Amino acid sequence: MYKPKIDTIAAVSTAQGRAAISIIRVSGPNTFAILGKIFVRGGKKTFPLPYSAFFGKIVDPIAQQVIDEVIVTTYLSPNSYTGEDIAEIGAHGNPVVVSRIMQLLITNGARAAEAGEFTKRAFLNGKMDLLEVEAISQLLAANTTTQATMALNQLDGLPSKFVAEIREKILKHLVQLEASLNFPEDAIESIDEYQVGRELRKILNELYIFLDNAKNGSLVSEGLKVALLGKPNSGKSSLMNCILGRDRAIVTDIPGTTRDTLEESILIASIPVKIIDTAGMRKPGDKVEAIGIERTLKAVEDAYAVIGVFDGSVIETEEDKLIIDNLKNLNKNVLLICNKTDLPQKISRKLFEGFKTVNLSCKEGTGLVEVFAALTDIFKSDGMANFDEMVLLGAQQAAALDKAVSALERAVEGIGKNYQDMLAIDMEETVRELGRVNGETVDMNTLDLIFERFCIGK
Ligand SMILES: Nc1nc2c(ncn2[C@@H]2O[C@H](COP(=O)(O)OP(=O)(O)OP(=O)(O)O)[C@@H](O)[C@H]2O)c(=O)[nH]1
Ligand SMILES: [Mg+2]
């Protein structure tokens with residue numbers, strides 16, 4: 001692991017603009033030396049102290065001009081967010097004042113922090129691993145209580161502990177294997193490959209669960225995409241509006257009203273969901289409609305679940321049959337809606353055979369509760385409500401986890417077939433990739449990619 005640059009950084013950590021207070025954070029070895037030049041405190045309390053607040057003034061030492069009255073909170077290394085000395089200056093929340101304080105900090109030896117640099121230092125100083133870093137990133141980005149709770153769970157450190165322990169276990173077997181491979185003539189006991197194989201399989205099964213939890217975590221943190229699919233005029237936009245409880249999509253009796261996909265977020269049973277209204281499926285009448293229908297197909301492809309919407313008041317058409325065929329081949333969660341049940345029903349129910357179907361009238365609102373219940377059933381039976389177990393990974397971590405699992409699969413499958421040095425290579429790769437998941441073996445470029453997603457001041 002490389003050594004971090006040990007200069008002192010500063011940034012405004014609160015949101016831009018006017019507010020009651022703004023906080024400017026300073027971290028690094030010269031924090032208190034710099035504060036000593038510009039912070040004139042009242043009272044006789046020793047400065048700094050661990051976890052302490054000091055009232056005083058920020059003064060421009062050259063112009064001898066008071067810039068603001070502030071509260072400075074001090075944290076002493078290593079007991080701080082970054083692990084370094086930290087001062088947080090609570091100033092009046094005026095951008096003019098805040099930028100003058102920032103300028104003073106810079107002219108007196110601090111450097112403006114890059115995005116995520118405080119958290120990067122926390123990681124490099126061993127204050128948190130990459131899974132906890134990801135949790136912080138997701139906590140800051142969370143739009144719903146559910147997403148925030150998932151992030152906080154992860155910040156608690158259970159996934160970190162899991163990955164560290166699994167990595168450690170494989171490493172232990174790897175060291176023994178390497179020893180017996182490198183020094184066969186020594187008194188080192190040759191390893192029982194089958195015993196190692198059994199233990200690796202156990203670890204692999206635990207990793208499969210972790211992988212599932214990460215997949216579910218990623219789906220839920222982005223919002224489960226549920227696409228509406230049906231022929232024109234079946235009532236997709238009406239259903240979208242019913243689900244949202246407001247008039248979001250245009251509804252008319254002209255077939256082909258919706259031309260583009262339309263996406264809206266909503267919570268269903270506390271699970272973040274994105275409902276996607278689409279252009280009705282039929283032979284397109286013009287170029288715009290053709291593009292719209294292409295987008296419908298893409299939305300269905302990307303969706304976690306699809307709701308097929310049918311107009312029960314008319315005899316089924318070729319289009320309906322094509323849609324059913326399409327849904328049968330999807331290999332995704334599908335729910336059918338027979339809409340317009342307030343009108344005399346002409347559609348053949350045979351069409352719906354083999355699917356969970358809910359009768360609905362968007363016009364009268366009957367059946368809507370059942371739609372929510374059916375969606376909730378789908379989510380729950382797929383484990384999408386088990387927020388406590390979900391794991392949040394960044395893109396690089398998810399890719400590393402996939403590689404770790406594949407390498408361990410190869411190792412397990414090769415037991416008794418491959419040479420032991422092949423086994424060692426696969427185990428080594430598993431250990432390395434798991435290290436990329438929790439940050440124990442991460443390279444500088446990946447770190448940059450991870451931290452540049454953060455905001456300045458975090
Ligand atoms: N009677 C009755 N009419 C409905 C119901 N749901 C929708 N409609 C009507 O059916 C027509 C089409 O509804 P939309 O929601 O625009 O249908 P769509 O599937 O989005 O249609 P496209 O955007 O053209 O693909 C409108 O006139 C709605 O008022 C219902 O439950 N009962
Ligand atoms: Mg529509």
# chains A, B, ... in the order shown; residues from 1 in each chain; ligands from 1
>>> residues_near_ligand(ligand="ligand 1", cutoff="8 Å", atoms="only C-alpha atoms and all ligand atoms", output="JSON, numbers by chain")
{"A": [230, 231, 232, 233, 234, 235, 236, 237, 238, 239, 240, 249, 250, 251, 252, 253, 254, 255, 256, 257, 258, 259, 277, 278, 279, 280, 281, 309, 311, 339, 340, 341, 342, 343, 360, 361, 362, 363, 364, 365]}
>>> write_last_selection(atoms="N, CA, C and O atoms", output="short mmCIF file (atom, residue, chain, number, x, y, z; two decimals), in the first residue's frame")
data_model
loop_
_atom_site.label_atom_id
_atom_site.label_comp_id
_atom_site.auth_asym_id
_atom_site.auth_seq_id
_atom_site.Cartn_x
_atom_site.Cartn_y
_atom_site.Cartn_z
N GLY A 230 -48.04 -3.64 -22.93
CA GLY A 230 -49.38 -3.95 -23.43
C GLY A 230 -49.62 -3.26 -24.75
O GLY A 230 -48.83 -2.41 -25.17
N LYS A 231 -50.73 -3.65 -25.38
CA LYS A 231 -51.02 -2.99 -26.67
C LYS A 231 -51.56 -1.56 -26.40
O LYS A 231 -51.93 -1.25 -25.26
N PRO A 232 -51.60 -0.72 -27.42
CA PRO A 232 -52.12 0.64 -27.22
C PRO A 232 -53.54 0.60 -26.65
O PRO A 232 -54.31 -0.32 -26.96
N ASN A 233 -53.83 1.55 -25.78
CA ASN A 233 -55.16 1.71 -25.18
C ASN A 233 -55.53 0.67 -24.14
O ASN A 233 -56.67 0.65 -23.67
N SER A 234 -54.59 -0.22 -23.76
CA SER A 234 -54.94 -1.24 -22.77
C SER A 234 -55.05 -0.62 -21.38
O SER A 234 -55.68 -1.20 -20.48
N GLY A 235 -54.44 0.56 -21.21
CA GLY A 235 -54.55 1.25 -19.91
C GLY A 235 -53.25 1.29 -19.12
O GLY A 235 -53.28 1.42 -17.89
N LYS A 236 -52.11 1.22 -19.81
CA LYS A 236 -50.81 1.25 -19.11
C LYS A 236 -50.59 2.58 -18.40
O LYS A 236 -50.21 2.61 -17.23
N SER A 237 -50.85 3.68 -19.12
CA SER A 237 -50.62 4.99 -18.51
C SER A 237 -51.62 5.23 -17.39
O SER A 237 -51.29 5.81 -16.36
N SER A 238 -52.85 4.72 -17.56
CA SER A 238 -53.84 4.84 -16.49
C SER A 238 -53.35 4.09 -15.26
O SER A 238 -53.47 4.57 -14.13
N LEU A 239 -52.79 2.89 -15.46
CA LEU A 239 -52.28 2.10 -14.34
C LEU A 239 -51.11 2.81 -13.67
O LEU A 239 -51.01 2.85 -12.44
N MET A 240 -50.22 3.36 -14.48
CA MET A 240 -49.08 4.12 -13.93
C MET A 240 -49.61 5.22 -12.99
O MET A 240 -49.14 5.37 -11.87
N ALA A 249 -48.87 10.47 -16.25
CA ALA A 249 -48.78 10.16 -17.68
C ALA A 249 -50.04 10.65 -18.40
O ALA A 249 -51.13 10.67 -17.82
N ILE A 250 -49.88 11.04 -19.65
CA ILE A 250 -51.04 11.47 -20.44
C ILE A 250 -51.89 10.24 -20.79
O ILE A 250 -51.37 9.22 -21.24
N VAL A 251 -53.19 10.37 -20.56
CA VAL A 251 -54.13 9.30 -20.88
C VAL A 251 -55.16 9.86 -21.86
O VAL A 251 -55.78 10.89 -21.59
N THR A 252 -55.31 9.21 -23.01
CA THR A 252 -56.41 9.57 -23.92
C THR A 252 -56.96 8.28 -24.54
O THR A 252 -56.36 7.21 -24.39
N ASP A 253 -58.07 8.42 -25.24
CA ASP A 253 -58.62 7.22 -25.91
C ASP A 253 -58.00 7.03 -27.30
O ASP A 253 -58.44 6.18 -28.07
N ILE A 254 -56.98 7.82 -27.61
CA ILE A 254 -56.30 7.64 -28.91
C ILE A 254 -55.20 6.59 -28.75
O ILE A 254 -54.29 6.78 -27.94
N PRO A 255 -55.30 5.46 -29.48
CA PRO A 255 -54.25 4.44 -29.35
C PRO A 255 -52.91 5.05 -29.77
O PRO A 255 -52.84 5.74 -30.79
N GLY A 256 -51.86 4.78 -29.01
CA GLY A 256 -50.53 5.32 -29.35
C GLY A 256 -50.29 6.66 -28.67
O GLY A 256 -49.48 7.46 -29.14
N THR A 257 -50.98 6.91 -27.56
CA THR A 257 -50.79 8.18 -26.84
C THR A 257 -49.36 8.29 -26.29
O THR A 257 -48.68 9.29 -26.49
N THR A 258 -48.92 7.24 -25.60
CA THR A 258 -47.58 7.27 -25.01
C THR A 258 -46.57 6.90 -26.09
O THR A 258 -46.68 5.84 -26.71
N ARG A 259 -45.60 7.78 -26.31
CA ARG A 259 -44.63 7.52 -27.38
C ARG A 259 -43.24 7.22 -26.84
O ARG A 259 -42.45 6.58 -27.49
N ASP A 277 -43.65 3.38 -17.59
CA ASP A 277 -44.73 3.34 -18.58
C ASP A 277 -44.07 3.29 -19.97
O ASP A 277 -42.99 3.85 -20.17
N THR A 278 -44.72 2.60 -20.90
CA THR A 278 -44.09 2.43 -22.21
C THR A 278 -45.09 2.71 -23.34
O THR A 278 -46.30 2.75 -23.11
N ALA A 279 -44.54 2.86 -24.54
CA ALA A 279 -45.39 3.00 -25.72
C ALA A 279 -46.06 1.66 -26.01
O ALA A 279 -45.43 0.61 -25.87
N GLY A 280 -47.33 1.68 -26.39
CA GLY A 280 -48.07 0.45 -26.67
C GLY A 280 -47.46 -0.35 -27.82
O GLY A 280 -46.93 0.21 -28.78
N MET A 281 -47.54 -1.70 -27.69
CA MET A 281 -46.95 -2.58 -28.69
C MET A 281 -47.91 -2.81 -29.85
O MET A 281 -49.02 -3.30 -29.66
N VAL A 309 -50.33 -5.58 -19.40
CA VAL A 309 -51.63 -4.92 -19.22
C VAL A 309 -52.55 -5.25 -20.40
O VAL A 309 -52.16 -5.04 -21.56
N ASP A 311 -56.67 -5.16 -22.05
CA ASP A 311 -58.00 -4.53 -22.00
C ASP A 311 -59.03 -5.66 -22.03
O ASP A 311 -59.22 -6.32 -23.06
N ASN A 339 -57.47 -5.27 -17.31
CA ASN A 339 -57.97 -3.93 -16.98
C ASN A 339 -59.39 -3.71 -17.55
O ASN A 339 -59.86 -4.47 -18.38
N LYS A 340 -59.99 -2.65 -17.11
CA LYS A 340 -61.32 -2.21 -17.56
C LYS A 340 -62.41 -3.21 -17.16
O LYS A 340 -63.33 -3.51 -17.95
N THR A 341 -62.32 -3.74 -15.94
CA THR A 341 -63.33 -4.70 -15.50
C THR A 341 -64.65 -4.02 -15.15
O THR A 341 -65.62 -4.70 -14.83
N ASP A 342 -64.70 -2.70 -15.22
CA ASP A 342 -65.98 -1.99 -15.04
C ASP A 342 -66.85 -2.13 -16.29
O ASP A 342 -68.05 -1.88 -16.23
N LEU A 343 -66.25 -2.53 -17.41
CA LEU A 343 -67.00 -2.71 -18.66
C LEU A 343 -67.32 -4.20 -18.85
O LEU A 343 -66.66 -5.05 -18.25
N LEU A 360 -58.66 -5.57 -12.70
CA LEU A 360 -58.50 -4.18 -12.27
C LEU A 360 -59.42 -3.27 -13.07
O LEU A 360 -59.69 -3.52 -14.26
N SER A 361 -59.89 -2.22 -12.40
CA SER A 361 -60.51 -1.13 -13.15
C SER A 361 -59.79 0.15 -12.74
O SER A 361 -59.94 0.60 -11.61
N CYS A 362 -59.00 0.65 -13.67
CA CYS A 362 -58.30 1.90 -13.37
C CYS A 362 -59.32 3.01 -13.17
O CYS A 362 -59.11 3.93 -12.38
N LYS A 363 -60.43 2.89 -13.89
CA LYS A 363 -61.45 3.93 -13.83
C LYS A 363 -62.05 4.01 -12.43
O LYS A 363 -62.21 5.10 -11.88
N GLU A 364 -62.34 2.85 -11.84
CA GLU A 364 -62.99 2.86 -10.53
C GLU A 364 -62.04 2.57 -9.38
O GLU A 364 -62.41 2.68 -8.21
N GLY A 365 -60.82 2.17 -9.72
CA GLY A 365 -59.83 1.92 -8.66
C GLY A 365 -59.95 0.55 -8.03
O GLY A 365 -59.18 0.21 -7.13
#
>>> select_by_dssp(residues="range 135-339 of chain A", states="alpha helix (DSSP H)", output="VMD selection string")
chain A and resid 135 to 141 145 to 155 158 to 182 193 to 222 236 to 244 287 to 302 318 to 328
>>> closest_residue(among="A:Leu207, A:Val40, A:Leu229, A:Val412", to="ligand 2", atoms="only C-alpha atoms and all ligand atoms")
A:Leu229
>>> residues_around(residues="Asp85 in chain A", least_positions_apart="3", cutoff="8 Å", atoms="only C-alpha atoms", output="ChimeraX atom specification")
/A:27-32,74-78,80,82
>>> residues_around(residues="Ile425 in chain A", least_positions_apart="2", cutoff="10 Å", atoms="only C-alpha atoms", output="list in words")
Leu174, Glu178, Ala407, Arg410, Ala411, Gln420, Asp421, Met422, Leu423, Met427, Glu428, Glu429, Thr430 and Val431 of chain A
>>> write_last_selection(atoms="N, CA, C and O atoms", output="tab-separated table (two decimals), in the first residue's frame")
chain	number	residue	atom	x	y	z
A	174	LEU	N	-3.94	-21.48	1.57
A	174	LEU	CA	-3.01	-21.21	0.47
A	174	LEU	C	-1.56	-21.27	0.98
A	174	LEU	O	-0.70	-21.86	0.32
A	178	GLU	N	1.19	-23.75	-0.49
A	178	GLU	CA	2.44	-23.24	-1.07
A	178	GLU	C	3.64	-23.87	-0.37
A	178	GLU	O	4.61	-24.25	-1.03
A	407	ALA	N	-13.02	-17.75	-9.60
A	407	ALA	CA	-11.72	-18.38	-9.32
A	407	ALA	C	-11.89	-19.48	-8.28
A	407	ALA	O	-11.30	-20.57	-8.41
A	410	ARG	N	-13.38	-22.51	-9.87
A	410	ARG	CA	-12.36	-23.28	-10.60
A	410	ARG	C	-11.53	-24.11	-9.63
A	410	ARG	O	-11.24	-25.28	-9.89
A	411	ALA	N	-11.16	-23.50	-8.51
A	411	ALA	CA	-10.35	-24.21	-7.51
A	411	ALA	C	-11.08	-25.46	-7.03
A	411	ALA	O	-10.53	-26.56	-7.03
A	420	GLN	N	-1.66	-29.46	-8.04
A	420	GLN	CA	-1.88	-28.58	-6.87
A	420	GLN	C	-1.44	-27.15	-7.15
A	420	GLN	O	-1.96	-26.22	-6.54
A	421	ASP	N	-0.47	-26.96	-8.09
A	421	ASP	CA	-0.08	-25.56	-8.31
A	421	ASP	C	-1.19	-24.79	-9.05
A	421	ASP	O	-1.33	-23.59	-8.91
A	422	MET	N	-2.02	-25.52	-9.83
A	422	MET	CA	-3.19	-24.86	-10.44
A	422	MET	C	-4.16	-24.41	-9.35
A	422	MET	O	-4.71	-23.31	-9.39
A	423	LEU	N	-4.34	-25.29	-8.38
A	423	LEU	CA	-5.21	-24.99	-7.25
A	423	LEU	C	-4.70	-23.72	-6.54
A	423	LEU	O	-5.47	-22.82	-6.20
A	427	MET	N	-6.63	-20.18	-5.98
A	427	MET	CA	-6.85	-19.66	-4.62
A	427	MET	C	-6.22	-18.28	-4.47
A	427	MET	O	-6.80	-17.39	-3.84
A	428	GLU	N	-5.05	-18.12	-5.07
A	428	GLU	CA	-4.39	-16.81	-5.02
A	428	GLU	C	-5.28	-15.73	-5.64
A	428	GLU	O	-5.41	-14.63	-5.12
A	429	GLU	N	-5.88	-16.09	-6.79
A	429	GLU	CA	-6.74	-15.11	-7.46
A	429	GLU	C	-7.95	-14.77	-6.57
A	429	GLU	O	-8.34	-13.61	-6.47
A	430	THR	N	-8.52	-15.79	-5.94
A	430	THR	CA	-9.66	-15.53	-5.05
A	430	THR	C	-9.26	-14.55	-3.95
A	430	THR	O	-9.97	-13.58	-3.68
A	431	VAL	N	-8.11	-14.81	-3.34
A	431	VAL	CA	-7.64	-13.95	-2.25
A	431	VAL	C	-7.42	-12.52	-2.75
A	431	VAL	O	-7.82	-11.54	-2.12
>>> closest_atom_pairs(of="range 245-287 of chain A", to="range 143-159 of chain A", cutoff="8 Å", atoms="only C-alpha atoms", output="tab-separated table")
residue	atom	partner	partner_atom	distance
A:Ser270	CA	A:Thr146	CA	6.5
A:Ile271	CA	A:Thr146	CA	6.9
A:Pro272	CA	A:Thr144	CA	7.4
>>> closest_residue(among="A:Glu134, A:Asp60, A:Asp247, A:Glu193", to="ligand 2", atoms="only C-alpha atoms and all ligand atoms")
A:Asp247
>>> atom_distance(atom1="CA of Gly292 in chain A", atom2="CA of Glu318 in chain A")
19.7 Å
>>> residues_around(residues="Pro95 in chain A", least_positions_apart="6", cutoff="8 Å", atoms="only C-alpha atoms", output="MDAnalysis selection string")
chainID A and resid 16:18
>>> write_last_selection(atoms="all heavy atoms", output="PDB file, in the first residue's frame")
ATOM      1  N   GLN A  16     -23.518  24.028  -0.464  1.00  0.00           N
ATOM      2  CA  GLN A  16     -23.268  25.390  -0.952  1.00  0.00           C
ATOM      3  C   GLN A  16     -24.451  26.301  -0.617  1.00  0.00           C
ATOM      4  O   GLN A  16     -25.563  25.834  -0.487  1.00  0.00           O
ATOM      5  CB  GLN A  16     -23.152  25.367  -2.486  1.00  0.00           C
ATOM      6  CG  GLN A  16     -22.000  24.534  -3.013  1.00  0.00           C
ATOM      7  CD  GLN A  16     -20.692  25.277  -2.904  1.00  0.00           C
ATOM      8  OE1 GLN A  16     -20.632  26.469  -3.142  1.00  0.00           O
ATOM      9  NE2 GLN A  16     -19.636  24.578  -2.532  1.00  0.00           N
ATOM     10  N   GLY A  17     -24.193  27.579  -0.532  1.00  0.00           N
ATOM     11  CA  GLY A  17     -25.299  28.542  -0.401  1.00  0.00           C
ATOM     12  C   GLY A  17     -25.463  29.064   1.013  1.00  0.00           C
ATOM     13  O   GLY A  17     -24.679  28.750   1.899  1.00  0.00           O
ATOM     14  N   ARG A  18     -26.504  29.877   1.201  1.00  0.00           N
ATOM     15  CA  ARG A  18     -26.750  30.464   2.525  1.00  0.00           C
ATOM     16  C   ARG A  18     -27.407  29.451   3.435  1.00  0.00           C
ATOM     17  O   ARG A  18     -28.245  28.668   3.008  1.00  0.00           O
ATOM     18  CB  ARG A  18     -27.675  31.678   2.386  1.00  0.00           C
ATOM     19  CG  ARG A  18     -26.992  32.871   1.788  1.00  0.00           C
ATOM     20  CD  ARG A  18     -27.985  33.986   1.517  1.00  0.00           C
ATOM     21  NE  ARG A  18     -27.461  34.864   0.479  1.00  0.00           N
ATOM     22  CZ  ARG A  18     -26.619  35.864   0.721  1.00  0.00           C
ATOM     23  NH1 ARG A  18     -26.224  36.124   1.950  1.00  0.00           N
ATOM     24  NH2 ARG A  18     -26.168  36.600  -0.269  1.00  0.00           N
TER      25      ARG A  18
END
>>> residues_around(residues="range 212-228 of chain A", least_positions_apart="4", cutoff="8 Å", atoms="only C-alpha atoms", output="PyMOL selection string")
chain A and resi 142+147+208+236+265+271-278+299-300+302-309+383-384+387+389-393+398
>>> write_last_selection(atoms="C-alpha atoms", output="PDB file, in the first residue's frame")
ATOM      1  CA  ALA A 142     -29.775   7.631  -0.486  1.00  0.00           C
ATOM      2  CA  GLN A 147     -31.576   2.937   1.109  1.00  0.00           C
ATOM      3  CA  TYR A 208     -22.796 -17.421  -3.159  1.00  0.00           C
ATOM      4  CA  LYS A 236     -50.805   1.254 -19.113  1.00  0.00           C
ATOM      5  CA  SER A 265     -40.018   6.235  -8.380  1.00  0.00           C
ATOM      6  CA  ILE A 271     -38.991  -1.191  -1.277  1.00  0.00           C
ATOM      7  CA  PRO A 272     -37.820   1.468  -3.752  1.00  0.00           C
ATOM      8  CA  VAL A 273     -39.456   0.722  -7.116  1.00  0.00           C
ATOM      9  CA  LYS A 274     -39.275   2.441 -10.495  1.00  0.00           C
ATOM     10  CA  ILE A 275     -42.456   2.131 -12.539  1.00  0.00           C
ATOM     11  CA  ILE A 276     -41.855   2.461 -16.263  1.00  0.00           C
ATOM     12  CA  ASP A 277     -44.733   3.339 -18.582  1.00  0.00           C
ATOM     13  CA  THR A 278     -44.089   2.428 -22.208  1.00  0.00           C
ATOM     14  CA  ALA A 299     -37.313  -1.247 -20.912  1.00  0.00           C
ATOM     15  CA  VAL A 300     -38.704  -4.786 -20.711  1.00  0.00           C
ATOM     16  CA  ASP A 302     -33.762  -4.065 -18.397  1.00  0.00           C
ATOM     17  CA  ALA A 303     -36.679  -4.569 -16.015  1.00  0.00           C
ATOM     18  CA  TYR A 304     -36.628  -6.620 -12.842  1.00  0.00           C
ATOM     19  CA  ALA A 305     -40.341  -7.420 -13.318  1.00  0.00           C
ATOM     20  CA  VAL A 306     -42.922  -6.816 -16.054  1.00  0.00           C
ATOM     21  CA  ILE A 307     -46.623  -6.070 -15.742  1.00  0.00           C
ATOM     22  CA  GLY A 308     -48.582  -7.179 -18.812  1.00  0.00           C
ATOM     23  CA  VAL A 309     -51.630  -4.924 -19.219  1.00  0.00           C
ATOM     24  CA  GLY A 383     -35.782 -11.721  -0.931  1.00  0.00           C
ATOM     25  CA  MET A 384     -36.066  -8.063  -1.929  1.00  0.00           C
ATOM     26  CA  PHE A 387     -32.724  -5.208   3.682  1.00  0.00           C
ATOM     27  CA  GLU A 389     -28.792  -8.826   4.692  1.00  0.00           C
ATOM     28  CA  MET A 390     -28.192  -6.727   1.604  1.00  0.00           C
ATOM     29  CA  VAL A 391     -24.728  -5.654   0.625  1.00  0.00           C
ATOM     30  CA  LEU A 392     -23.888  -2.514  -1.327  1.00  0.00           C
ATOM     31  CA  LEU A 393     -20.961  -2.702  -3.711  1.00  0.00           C
ATOM     32  CA  ALA A 398     -18.917  -6.074  -7.789  1.00  0.00           C
TER      33      ALA A 398
END
